[in-house]
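Source file protein-v4.cif; content: mmCIF, C-alpha atoms.
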```cif
data_model
#
loop_
_atom_site.label_atom_id
_atom_site.label_comp_id
_atom_site.auth_asym_id
_atom_site.auth_seq_id
_atom_site.Cartn_x
_atom_site.Cartn_y
_atom_site.Cartn_z
CA MET A 1 60.88 61.48 131.55
CA ALA A 2 62.84 64.67 130.95
CA THR A 3 66.42 64.78 132.07
CA ILE A 4 66.89 67.27 134.81
CA HIS A 5 70.16 69.07 134.67
CA THR A 6 71.19 70.42 138.02
CA LEU A 7 73.53 73.34 138.16
CA ASP A 8 76.17 73.01 140.82
CA ILE A 9 76.06 76.71 141.69
CA ALA A 10 77.75 76.25 145.06
CA GLY A 11 80.45 74.11 143.46
CA GLN A 12 81.10 76.72 140.75
CA ARG A 13 81.33 79.42 143.39
CA ASP A 14 83.81 77.34 145.40
CA ASP A 15 85.85 76.62 142.27
CA GLU A 16 86.09 80.34 141.61
CA LEU A 17 87.14 81.04 145.22
CA LEU A 18 89.77 78.28 145.10
CA SER A 19 90.99 79.55 141.76
CA ARG A 20 91.38 83.04 143.18
CA LEU A 21 93.14 81.68 146.25
CA ILE A 22 95.70 79.89 144.08
CA ASP A 23 96.28 83.07 142.09
CA GLY A 24 96.57 85.34 145.13
CA GLU A 25 93.50 87.28 144.11
CA CYS A 26 91.41 86.87 147.29
CA SER A 27 90.89 89.64 149.78
CA SER A 28 92.30 88.97 153.24
CA GLU A 29 88.79 88.36 154.60
CA GLU A 30 88.00 85.89 151.84
CA ARG A 31 91.31 84.09 152.40
CA LEU A 32 90.70 83.75 156.17
CA GLU A 33 87.18 82.47 155.62
CA LEU A 34 88.37 79.99 153.01
CA GLU A 35 91.19 78.74 155.25
CA VAL A 36 88.67 78.00 158.01
CA ARG A 37 86.48 76.12 155.57
CA LEU A 38 89.46 74.19 154.15
CA ALA A 39 90.49 73.12 157.67
CA ASN A 40 87.06 71.52 158.12
CA ASP A 41 86.17 70.32 154.61
CA ALA A 42 88.25 67.44 153.14
CA LYS A 43 86.39 67.54 149.83
CA LEU A 44 87.24 71.23 149.40
CA ARG A 45 90.89 70.51 150.26
CA ASP A 46 91.01 67.75 147.65
CA ARG A 47 89.58 70.10 145.04
CA LEU A 48 92.23 72.72 145.85
CA GLU A 49 95.00 70.16 145.57
CA GLN A 50 93.57 68.94 142.28
CA PHE A 51 93.65 72.45 140.85
CA ARG A 52 97.21 73.01 142.11
CA ALA A 53 98.45 69.71 140.74
CA ASN A 54 96.88 70.37 137.34
CA ASP A 55 98.48 73.82 137.26
CA GLN A 56 101.86 72.22 137.96
CA LEU A 57 101.27 69.67 135.24
CA LEU A 58 100.30 72.43 132.86
CA ARG A 59 103.44 74.43 133.60
CA ALA A 60 105.58 71.34 133.14
CA SER A 61 103.74 70.46 129.92
CA VAL A 62 104.09 73.91 128.41
CA GLY A 63 107.66 74.14 129.65
CA ASN A 64 108.34 70.78 128.04
CA ASP A 65 107.40 72.18 124.65
CA ASP A 66 110.11 73.43 122.37
CA SER A 67 110.82 76.92 123.65
CA THR A 68 113.47 77.74 121.09
CA ILE A 69 112.97 81.20 119.66
CA PRO A 70 113.14 81.10 115.85
CA PRO A 71 116.34 82.76 114.55
CA ALA A 72 114.25 85.00 112.28
CA VAL A 73 112.58 86.51 115.35
CA LEU A 74 115.87 87.17 117.09
CA GLY A 75 117.25 88.62 113.88
CA ALA A 76 114.31 90.99 113.45
CA LEU A 77 114.77 92.31 116.98
CA ALA A 78 118.53 92.56 116.70
CA SER A 79 118.36 94.61 113.53
CA HIS A 80 115.65 96.97 114.84
CA SER A 81 116.89 100.44 115.80
CA PRO A 82 115.09 101.82 118.84
CA ALA A 83 113.66 105.33 118.77
CA GLN A 84 115.86 108.03 120.28
CA THR A 85 114.28 108.94 123.63
CA SER A 86 116.70 111.60 124.70
CA ARG A 87 116.46 114.87 122.95
CA TYR A 88 119.93 115.69 124.12
CA SER A 89 121.83 112.56 123.36
CA SER A 90 124.70 113.96 121.37
CA ARG A 91 126.67 117.00 120.37
CA TYR A 92 124.58 117.08 117.22
CA ALA A 93 121.72 118.19 119.43
CA PHE A 94 122.87 121.72 118.73
CA ALA A 95 121.65 121.28 115.19
CA LEU A 96 118.29 120.58 116.79
CA ALA A 97 117.50 124.19 115.97
CA ALA A 98 117.75 123.36 112.26
CA SER A 99 115.71 120.16 112.57
CA LEU A 100 112.99 121.98 114.47
CA VAL A 101 112.90 124.53 111.73
CA LEU A 102 112.37 121.77 109.18
CA ALA A 103 109.54 120.41 111.25
CA THR A 104 107.82 123.67 112.06
CA ALA A 105 109.03 126.58 110.02
CA ALA A 106 110.74 128.15 107.08
CA LEU A 107 113.90 129.83 108.23
CA LEU A 108 114.33 133.11 106.43
CA ILE A 109 118.01 133.68 106.13
CA ASN A 110 119.50 136.77 104.69
CA ASN A 111 122.46 139.01 105.42
CA ASN A 112 120.36 141.20 107.67
CA TRP A 113 118.88 138.29 109.58
CA LEU A 114 120.45 139.33 112.84
CA GLN A 115 118.56 142.36 114.05
CA PRO A 116 119.95 145.06 116.28
CA VAL A 117 119.13 144.14 119.83
CA SER A 118 117.12 147.34 120.32
CA GLN A 119 114.59 146.19 117.70
CA THR A 120 114.14 142.77 119.20
CA PRO A 121 111.84 141.55 121.96
CA GLN A 122 113.18 142.52 125.35
CA ILE A 123 113.30 140.10 128.23
CA ASP A 124 110.64 141.47 130.52
CA LEU A 125 109.61 139.98 133.86
CA ALA A 126 107.22 137.42 132.34
CA PHE A 127 109.81 136.34 129.80
CA ALA A 128 112.52 136.11 132.49
CA GLU A 129 110.30 134.06 134.77
CA ALA A 130 109.59 131.75 131.87
CA LEU A 131 113.31 131.37 131.15
CA ASP A 132 113.80 130.56 134.82
CA ALA A 133 111.06 127.98 135.10
CA LEU A 134 109.90 126.42 131.84
CA PRO A 135 111.36 123.06 130.77
CA SER A 136 112.62 122.60 127.23
CA ARG A 137 110.36 120.82 124.80
CA ALA A 138 110.46 119.46 121.27
CA GLU A 139 106.96 120.62 120.38
CA GLY A 140 104.09 122.66 121.73
CA TRP A 141 104.06 126.13 123.25
CA ASP A 142 103.72 127.81 126.63
CA MET A 143 101.72 131.01 126.74
CA ILE A 144 103.12 133.93 128.70
CA GLU A 145 101.78 137.34 129.56
CA GLY A 146 101.33 139.60 126.58
CA ASP A 147 99.76 136.94 124.41
CA ARG A 148 103.13 135.47 123.52
CA ALA A 149 103.87 131.86 122.78
CA LEU A 150 107.20 130.60 124.04
CA ARG A 151 109.07 127.36 123.55
CA MET A 152 112.31 126.60 125.38
CA VAL A 153 114.37 124.53 122.99
CA LEU A 154 117.44 123.51 124.97
CA THR A 155 119.74 124.50 127.83
CA PHE A 156 123.53 124.41 127.64
CA PRO A 157 126.60 125.63 129.52
CA ALA A 158 128.57 128.47 127.89
CA ALA A 159 132.33 129.00 127.86
CA ASP A 160 132.07 131.90 130.30
CA GLY A 161 130.43 129.74 132.97
CA LYS A 162 126.89 130.93 132.34
CA TRP A 163 123.83 128.82 131.67
CA CYS A 164 122.16 129.62 128.34
CA ARG A 165 118.86 128.70 126.77
CA GLU A 166 117.73 128.64 123.16
CA PHE A 167 114.15 129.73 122.73
CA MET A 168 111.45 130.34 120.15
CA LEU A 169 109.07 133.23 120.70
CA ALA A 170 105.94 134.03 118.75
CA SER A 171 103.69 137.01 119.10
CA GLN A 172 100.92 138.18 116.82
CA ALA A 173 103.34 140.39 114.98
CA ASP A 174 106.54 138.36 114.77
CA HIS A 175 108.35 135.11 115.28
CA TRP A 176 111.79 134.99 116.86
CA ARG A 177 114.48 132.48 117.62
CA GLY A 178 117.30 133.32 119.98
CA VAL A 179 119.60 132.51 122.87
CA ALA A 180 119.60 134.11 126.30
CA CYS A 181 122.19 133.53 129.01
CA ARG A 182 121.72 133.91 132.74
CA GLY A 183 123.92 136.40 134.51
CA ALA A 184 124.08 136.92 138.26
CA GLU A 185 120.84 138.87 138.32
CA SER A 186 119.10 138.49 135.01
CA TRP A 187 118.76 136.86 131.62
CA VAL A 188 120.49 138.64 128.74
CA THR A 189 119.78 138.06 125.07
CA GLN A 190 122.93 136.95 123.23
CA VAL A 191 121.57 136.42 119.74
CA ILE A 192 118.12 136.74 118.28
CA GLY A 193 116.66 136.81 114.83
CA ARG A 194 113.39 136.71 113.04
CA ASP A 195 111.97 133.36 112.18
CA VAL A 196 108.79 132.08 110.61
CA PHE A 197 106.90 129.25 112.24
CA LEU A 198 104.51 127.68 109.78
CA GLU A 199 102.46 124.72 110.93
CA GLU A 200 100.61 123.74 107.79
CA VAL A 201 101.96 120.88 105.77
CA GLY A 202 103.78 121.89 102.64
CA GLY A 203 103.85 125.49 103.75
CA TYR A 204 107.56 125.68 104.29
CA ARG A 205 110.75 125.27 102.45
CA THR A 206 113.71 123.46 103.83
CA ALA A 207 116.79 125.46 104.67
CA SER A 208 119.36 125.06 101.93
CA ALA A 209 122.96 124.14 102.54
CA SER A 210 124.11 127.71 102.08
CA ASP A 211 121.76 129.17 104.67
CA SER A 212 123.36 129.89 107.96
CA ASP A 213 121.63 129.02 111.15
CA ALA A 214 122.99 131.87 113.21
CA VAL A 215 121.56 130.59 116.43
CA ALA A 216 122.97 127.12 115.91
CA GLN A 217 126.33 128.62 115.01
CA PHE A 218 126.32 130.75 118.15
CA ILE A 219 125.58 127.71 120.26
CA ASP A 220 128.28 125.72 118.54
CA GLN A 221 130.83 128.44 119.19
CA THR A 222 129.99 129.23 122.80
CA ALA A 223 128.81 125.96 124.33
CA THR A 224 131.30 123.96 126.39
CA GLY A 225 129.27 120.77 126.59
CA ILE A 226 126.27 119.00 125.20
CA ALA A 227 122.77 120.26 125.92
CA LEU A 228 121.31 119.18 129.24
CA SER A 229 119.04 116.16 129.45
CA GLY A 230 115.49 116.61 130.72
CA ASP A 231 116.48 115.42 134.20
CA GLU A 232 119.59 117.59 134.39
CA GLU A 233 117.63 120.62 133.29
CA ALA A 234 114.89 119.92 135.82
CA ALA A 235 117.49 119.72 138.60
CA LEU A 236 119.01 123.02 137.49
CA ILE A 237 115.62 124.74 137.45
CA ALA A 238 114.77 123.24 140.85
CA THR A 239 117.93 124.73 142.35
CA ASP A 240 117.13 128.13 140.88
CA TRP A 241 120.01 127.88 138.46
CA SER A 242 122.54 127.77 141.27
CA LEU A 243 124.42 124.71 139.99
CA VAL A 244 127.82 125.58 138.58
CA ALA A 245 128.16 125.20 134.82
CA PRO A 246 130.94 122.76 133.79
CA MET B 1 102.05 105.00 117.01
CA ASN B 2 105.70 105.35 118.06
CA GLN B 3 108.64 103.17 117.21
CA LEU B 4 109.79 101.01 120.12
CA THR B 5 112.09 102.65 122.62
CA ALA B 6 115.25 100.85 123.74
CA GLN B 7 113.51 99.92 127.01
CA GLN B 8 110.51 98.49 125.19
CA LYS B 9 112.77 96.51 122.91
CA ALA B 10 114.66 95.08 125.91
CA THR B 11 111.35 94.18 127.59
CA LEU B 12 110.14 92.47 124.44
CA MET B 13 113.35 90.40 124.28
CA GLU B 14 112.75 89.27 127.88
CA GLU B 15 109.16 88.30 127.08
CA LEU B 16 110.01 86.17 124.02
CA ALA B 17 110.00 82.85 125.89
CA GLY B 18 106.64 83.63 127.48
CA LEU B 19 105.27 84.77 124.14
CA LYS B 20 106.47 81.54 122.57
CA ARG B 21 104.66 79.51 125.24
CA PHE B 22 101.55 81.64 124.76
CA SER B 23 101.72 81.15 121.00
CA MET B 24 102.05 77.44 121.57
CA SER B 25 99.00 77.43 123.85
CA LEU B 26 96.99 79.24 121.23
CA THR B 27 98.03 77.24 118.18
CA GLY B 28 98.67 73.82 119.74
CA ASP B 29 101.26 73.30 117.03
CA GLY B 30 105.03 73.99 117.09
CA PRO B 31 105.50 75.37 113.55
CA ASP B 32 102.30 77.42 113.82
CA ALA B 33 103.51 78.80 117.15
CA ASP B 34 106.82 79.84 115.56
CA ASP B 35 104.99 81.55 112.72
CA LEU B 36 102.64 83.31 115.12
CA LEU B 37 105.55 84.49 117.27
CA GLN B 38 107.43 85.80 114.26
CA LEU B 39 104.33 87.57 112.93
CA THR B 40 103.74 89.09 116.37
CA VAL B 41 107.25 90.48 116.68
CA GLU B 42 107.23 91.78 113.11
CA ARG B 43 103.86 93.48 113.67
CA VAL B 44 105.04 95.08 116.93
CA LEU B 45 108.24 96.34 115.32
CA GLU B 46 106.38 97.62 112.27
CA LYS B 47 103.47 99.33 114.03
CA GLY B 48 105.22 100.35 117.24
CA MET B 49 103.35 101.17 120.45
CA PRO B 50 102.70 104.17 122.68
CA ASP B 51 105.77 105.31 124.64
CA ASP B 52 104.14 104.36 127.96
CA ALA B 53 102.94 100.92 126.82
CA HIS B 54 104.45 97.83 128.46
CA ALA B 55 106.02 95.98 125.57
CA GLY B 56 105.24 92.54 127.03
CA LYS B 57 101.56 93.12 127.66
CA TRP B 58 101.13 94.90 124.35
CA SER B 59 102.77 92.00 122.52
CA TYR B 60 100.56 89.38 124.17
CA ARG B 61 97.54 91.28 122.96
CA VAL B 62 98.92 91.59 119.44
CA CYS B 63 99.71 87.87 119.46
CA ARG B 64 96.21 86.86 120.49
CA ASN B 65 94.54 89.23 118.01
CA LEU B 66 96.71 87.92 115.19
CA TRP B 67 95.75 84.37 116.11
CA LEU B 68 92.06 85.23 116.15
CA ASP B 69 92.46 86.85 112.74
CA GLU B 70 94.22 83.71 111.53
CA LEU B 71 91.42 81.51 112.85
CA ARG B 72 88.82 83.60 111.09
CA ALA B 73 90.86 83.48 107.94
CA ARG B 74 91.24 79.71 108.07
CA ASP B 75 87.63 79.22 109.24
CA VAL B 76 88.90 76.86 111.91
CA ARG B 77 87.27 76.75 115.30
CA ALA B 78 89.92 76.58 118.03
CA ARG B 79 87.90 74.35 120.32
CA HIS B 80 88.22 71.55 117.79
CA VAL B 81 92.00 71.76 117.39
CA LYS B 82 93.39 68.30 117.89
CA SER B 83 96.80 67.76 119.29
CA GLU B 84 98.50 64.82 117.67
CA MET B 85 100.12 62.24 119.83
CA VAL B 86 103.72 61.94 118.73
CA GLY B 87 105.29 58.54 118.95
CA ASN B 88 104.55 54.95 117.99
CA GLY B 89 101.27 54.81 119.78
CA ASP B 90 102.57 52.43 122.36
CA HIS B 91 101.65 53.88 125.70
CA GLY B 92 102.98 51.00 127.71
CA VAL B 93 105.89 53.02 129.07
CA SER B 94 107.76 51.66 131.99
CA SER B 95 110.25 54.39 132.89
CA ALA B 96 109.44 57.23 135.24
CA ASP B 97 110.49 59.72 132.57
CA GLY B 98 108.12 58.12 130.11
CA LEU B 99 105.24 58.31 132.59
CA ALA B 100 105.95 61.97 133.23
CA ARG B 101 106.06 62.65 129.49
CA LEU B 102 102.74 60.95 129.10
CA GLU B 103 101.24 63.10 131.82
CA PHE B 104 102.59 66.21 130.11
CA GLU B 105 101.07 65.15 126.83
CA ARG B 106 97.71 64.48 128.49
CA ALA B 107 97.80 67.91 130.09
CA GLY B 108 98.76 69.51 126.78
CA GLU B 109 95.96 67.73 124.97
CA ALA B 110 93.45 68.68 127.65
CA LEU B 111 94.60 72.30 127.33
CA SER B 112 94.23 72.24 123.57
CA HIS B 113 90.61 71.12 123.92
CA LEU B 114 89.64 74.07 126.08
CA PRO B 115 87.82 76.93 124.38
CA GLU B 116 90.31 79.55 123.20
CA GLU B 117 89.10 82.19 125.63
CA GLN B 118 89.67 79.85 128.58
CA ARG B 119 92.95 78.53 127.26
CA SER B 120 94.55 81.95 126.82
CA VAL B 121 93.60 83.28 130.27
CA LEU B 122 94.68 80.04 132.00
CA VAL B 123 98.10 80.09 130.33
CA LEU B 124 98.62 83.77 131.09
CA VAL B 125 97.67 83.30 134.77
CA ALA B 126 98.78 79.78 135.73
CA VAL B 127 101.83 79.42 133.46
CA GLU B 128 103.06 82.97 132.82
CA GLY B 129 102.11 84.24 136.29
CA HIS B 130 100.24 87.38 135.30
CA SER B 131 97.73 88.91 137.69
CA TYR B 132 94.06 89.09 136.77
CA ALA B 133 94.41 92.83 136.26
CA GLU B 134 97.35 92.35 133.90
CA VAL B 135 95.49 89.73 131.91
CA ALA B 136 92.45 92.01 131.75
CA GLY B 137 94.73 94.67 130.28
CA ILE B 138 96.40 92.31 127.84
CA LEU B 139 93.18 90.81 126.51
CA ASP B 140 91.11 93.97 126.95
CA ILE B 141 88.39 92.23 128.94
CA PRO B 142 86.93 92.99 132.41
CA ILE B 143 88.72 91.54 135.44
CA GLY B 144 85.51 89.68 136.37
CA THR B 145 85.61 87.93 133.02
CA VAL B 146 89.22 86.89 133.63
CA MET B 147 88.23 85.56 137.03
CA SER B 148 85.35 83.44 135.76
CA ARG B 149 87.24 82.15 132.70
CA VAL B 150 90.23 81.03 134.80
CA ALA B 151 87.92 79.20 137.19
CA ARG B 152 85.99 77.57 134.33
CA ALA B 153 89.26 76.57 132.65
CA ARG B 154 90.52 74.90 135.83
CA ARG B 155 87.18 73.18 136.27
CA SER B 156 87.24 71.89 132.67
CA LEU B 157 90.84 70.76 133.01
CA ALA B 158 90.01 68.92 136.23
CA ASP B 159 87.12 67.13 134.49
CA LYS B 160 89.35 66.07 131.59
CA LEU B 161 92.34 64.97 133.68
CA ASP B 162 90.36 63.29 136.46
#
```

Would you mind writing the file out in structure tokens?
Amino acid sequence: MATIHTLDIAGQRDDELLSRLIDGECSSEERLELEVRLANDAKLRDRLEQFRANDQLLRASVGNDDSTIPPAVLGALASHSPAQTSRYSSRYAFALAASLVLATAALLINNNWLQPVSQTPQIDLAFAEALDALPSRAEGWDMIEGDRALRMVLTFPAADGKWCREFMLASQADHWRGVACRGAESWVTQVIGRDVFLEEVGGYRTASASDSDAVAQFIDQTATGIALSGDEEAALIATDWSLVAP
Amino acid sequence: MNQLTAQQKATLMEELAGLKRFSMSLTGDGPDADDLLQLTVERVLEKGMPDDAHAGKWSYRVCRNLWLDELRARDVRARHVKSEMVGNGDHGVSSADGLARLEFERAGEALSHLPEEQRSVLVLVAVEGHSYAEVAGILDIPIGTVMSRVARARRSLADKLD
């Protein structure tokens, strides 16, 4: 005679419900319904207690195992240097201009690098609104009116009490890097020069030690503190640049 | 993949004890658990993780995947891992501590005989206290699967320890 295997479907369903009850994964309706059943069903209560007791035994058993962390593991973690998450973590952030150049561009430096202001992009309304509102970023571009790509690099307080921003600006014709500072009514360009932003790998040369990063030098000479963190800059933008520079 | 941030590194440090217990539940063997833990941490430090990843959950997943790779490499089926009884074989203990230890060993042996997929979810839920959703994320399986595996694991454990 063939052996008949009976599947305890109801029992499996109850085991799953009890399991979820123990783990706090029942809906409130399921929990209420189960509590009513438990009040009237001794066998179900015993099963619940069995599961709970075994869980406790398991925790004690696993906890009883040697939980010592191998010294090699602790050593590996201790010697690991976390990634820098703040773009503005130190005074050296002002050389960020140079590092961004290495990552994105060849910086063409020559004696005539600094162009007369009249030949440089003017801060029109779209540019000014962007200076007012756009957060700084380490990569990527924001498009503004006139088919121009703009990247705010960093924000810093200047010696004269103004807030200043380093920016990169690319149009079809030219690439620029500069600093603008916010007066009472408007943004005024302080320094600007041509730059070349090349994205393709191998398509740039690194700036040599003798090249001068005029923008970085300007920042170094006029800034009174380190560049603002993302949160500080966001707060400044949110208050419409009304916070007093240190 | 990004290098670990300071926050992720701190989270990973906090999770080490839980990861050690998880490694132990997977391997059933102290030295193997140490090796697995070390390999897990080295892999996480080497490969990094996304900036928004939770270091603990990510590490549990790395740990389990490394163990599955190890099993495949050794051609050992986890459900036949035997835990060895340590001691002189004399189970006639009289002290309360000895009885408790015996119960722990029985529970540990019963755990080691569960299929790997049941063992890992049961440890993560019942021992480490993760929610079903967290375990689903760690093991990259549907929540329904977590639910049914935990219930089956408890059922199997109850049958073995009854």

> Skipping near chain neighbours, those fewer than 4 positions away, what residues fall within 7 Å of region 12-26 of chain B using all atoms listed in the file, listed as a list of chain:residue names?
Replying inline: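 Once the nearby chain positions are removed, what remains is A:Val62, A:Ser67, B:Gln8, B:Gly30, B:Ala33, B:Leu36, B:Leu37, B:Ala55, B:Gly56, B:Tyr60, B:Glu116, B:Ser120, B:Val123, B:Glu128.
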
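The gap separating CA of Asp231 (chain A) from CA of Leu134 (chain A) is 13.0 Å, in Å to one decimal.
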
Contacts of chain B with chain A up to 7 Å, shortest pair per row, all atoms listed in the file, as CSV:
```
residue,atom,partner,partner_atom,distance
B:Gln3,CA,A:Ala83,CA,5.7
B:Leu4,CA,A:Pro82,CA,5.5
B:Thr5,CA,A:Pro82,CA,4.9
B:Ala6,CA,A:Pro82,CA,5.0
B:Ala17,CA,A:Ser67,CA,6.4
B:Lys20,CA,A:Ser67,CA,6.4
B:Arg21,CA,A:Val62,CA,6.5
B:Asp34,CA,A:Pro70,CA,6.5
B:Gln38,CA,A:Val73,CA,5.3
B:Val41,CA,A:Val73,CA,6.8
B:Phe104,CA,A:Ser61,CA,4.4
B:Glu105,CA,A:Ser61,CA,6.7
B:Ala107,CA,A:Leu58,CA,5.9
B:Gly108,CA,A:Ser61,CA,6.0
B:Ala126,CA,A:Asp55,CA,6.2
B:Val127,CA,A:Arg59,CA,5.2
B:Ser148,CA,A:Glu16,CA,6.7
B:Ala151,CA,A:Glu16,CA,4.9
B:Arg154,CA,A:Phe51,CA,6.4
B:Ala158,CA,A:Phe51,CA,6.9
```

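Within 10 Å of Thr222 (chain A), once only C-alpha atoms are used and residues closer than 6 positions along the same chain are dropped, the contacting residues are Phe156, Pro157, Ala158, Ala159, Asp160 and Cys164 of chain A.
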
Any chance you could export the current selection's C-alpha atoms as a PDB file, in the coordinates of the input?
```pdb
ATOM      1  CA  PHE A 156     123.530 124.410 127.640  1.00  0.00           C
ATOM      2  CA  PRO A 157     126.600 125.630 129.520  1.00  0.00           C
ATOM      3  CA  ALA A 158     128.570 128.470 127.890  1.00  0.00           C
ATOM      4  CA  ALA A 159     132.330 129.000 127.860  1.00  0.00           C
ATOM      5  CA  ASP A 160     132.070 131.900 130.300  1.00  0.00           C
ATOM      6  CA  CYS A 164     122.160 129.620 128.340  1.00  0.00           C
TER       7      CYS A 164
END
```

>> Applying the PyMOL selection byres ((chain A and resi 186) around 10) to the file I just gave you, which residues come out? Please list them as a list in words.
In response: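 That expression, the PyMOL selection byres ((chain A and resi 186) around 10), corresponds here to Ile123, Leu125, Ala128, Glu129, Leu131, Asp132, Ala180, Cys181, Arg182, Gly183, Ala184, Glu185, Trp187, Val188 and Thr189 of chain A.
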
> Which of these residues is nearest to Phe167 (chain A), using all atoms listed in the file: A:Asp142, A:Asp124, A:Asp46, A:Glu29?
Replying inline: A:Asp142

> Which neighbours of region 133-135 of chain B fall inside 7 Å, counting only C-alpha atoms, when residues of the same chain fewer than 4 positions from it are skipped, and could you give them as a list in words?
Replying inline: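 Here the qualifying residues turn out to be Val121, Leu124, Leu139 and Ile143 of chain B.
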
Keeping C-alpha atoms, export the residues of the selection given above as a short mmCIF file (atom, residue, chain, number, x, y, z; two decimals), in the frame of the given file.
```cif
data_model
loop_
_atom_site.label_atom_id
_atom_site.label_comp_id
_atom_site.auth_asym_id
_atom_site.auth_seq_id
_atom_site.Cartn_x
_atom_site.Cartn_y
_atom_site.Cartn_z
CA VAL B 121 93.60 83.28 130.27
CA LEU B 124 98.62 83.77 131.09
CA LEU B 139 93.18 90.81 126.51
CA ILE B 143 88.72 91.54 135.44
#
```

>> Env of Met143 (chain A): 12 Å cut, atoms = all atoms listed in the file, seq-sep filter 3 positions within chain, self excluded. Answer as a list in words.
In response: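 That gives Ala126, Phe127, Ala130, Leu134, Gly140, Gly146, Asp147, Arg148, Ala149, Leu150, Arg151, Met152, Met168, Leu169, Ala170 and Ser171 of chain A.
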
Export of the given selection (C-alpha atoms) as a short mmCIF file (atom, residue, chain, number, x, y, z; two decimals), keeping the file's coordinate frame:
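The file below, result-v9.cif, is the result:
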```
data_model
loop_
_atom_site.label_atom_id
_atom_site.label_comp_id
_atom_site.auth_asym_id
_atom_site.auth_seq_id
_atom_site.Cartn_x
_atom_site.Cartn_y
_atom_site.Cartn_z
CA ALA A 126 107.22 137.42 132.34
CA PHE A 127 109.81 136.34 129.80
CA ALA A 130 109.59 131.75 131.87
CA LEU A 134 109.90 126.42 131.84
CA GLY A 140 104.09 122.66 121.73
CA GLY A 146 101.33 139.60 126.58
CA ASP A 147 99.76 136.94 124.41
CA ARG A 148 103.13 135.47 123.52
CA ALA A 149 103.87 131.86 122.78
CA LEU A 150 107.20 130.60 124.04
CA ARG A 151 109.07 127.36 123.55
CA MET A 152 112.31 126.60 125.38
CA MET A 168 111.45 130.34 120.15
CA LEU A 169 109.07 133.23 120.70
CA ALA A 170 105.94 134.03 118.75
CA SER A 171 103.69 137.01 119.10
#
```

> Nearest to Ala234 (chain A): which of A:Ile192, A:Val153, A:Ala133, A:Ile144 is it, counting all atoms listed in the file?
Replying inline: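 With all atoms listed in the file as the atom set, the closest residue is A:Ala133.
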
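The space between CA of Asp35 (chain B) and CA of Ala110 (chain B) spans 22.8 Å.
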
> Any chance you could work out the residue set of the PyMOL selection byres ((chain A and resi 35) around 12) here, as number ranges by chain?
Replying inline: A: 17-18, 21, 26, 28-34, 36-42, 44-45, 48

Apply the PyMOL selection byres ((chain B and resi 2) around 7) to the file shown and report the selected residues as an mmCIF file with C-alpha atoms, in the frame of the given file.
```cif
data_model
loop_
_atom_site.group_PDB
_atom_site.id
_atom_site.type_symbol
_atom_site.label_atom_id
_atom_site.label_comp_id
_atom_site.auth_asym_id
_atom_site.auth_seq_id
_atom_site.Cartn_x
_atom_site.Cartn_y
_atom_site.Cartn_z
ATOM 1 C CA MET B 1 102.050 105.000 117.010
ATOM 2 C CA GLN B 3 108.640 103.170 117.210
ATOM 3 C CA LEU B 4 109.790 101.010 120.120
ATOM 4 C CA GLY B 48 105.220 100.350 117.240
ATOM 5 C CA MET B 49 103.350 101.170 120.450
ATOM 6 C CA PRO B 50 102.700 104.170 122.680
ATOM 7 C CA ASP B 51 105.770 105.310 124.640
#
```

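Taking all atoms listed in the file into account, the residues near (96.3, 78.6, 116.6), no farther than 7 Å, are Leu26, Thr27, Gly28, Asp32, Trp67, Leu71 and Ala78 of chain B.
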
>> What's the separation between CA of Lys47 (chain B) and CA of Thr145 (chain B), in Å to one decimal place?
In response: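 That distance, rounded to one decimal, is 28.5 Å.
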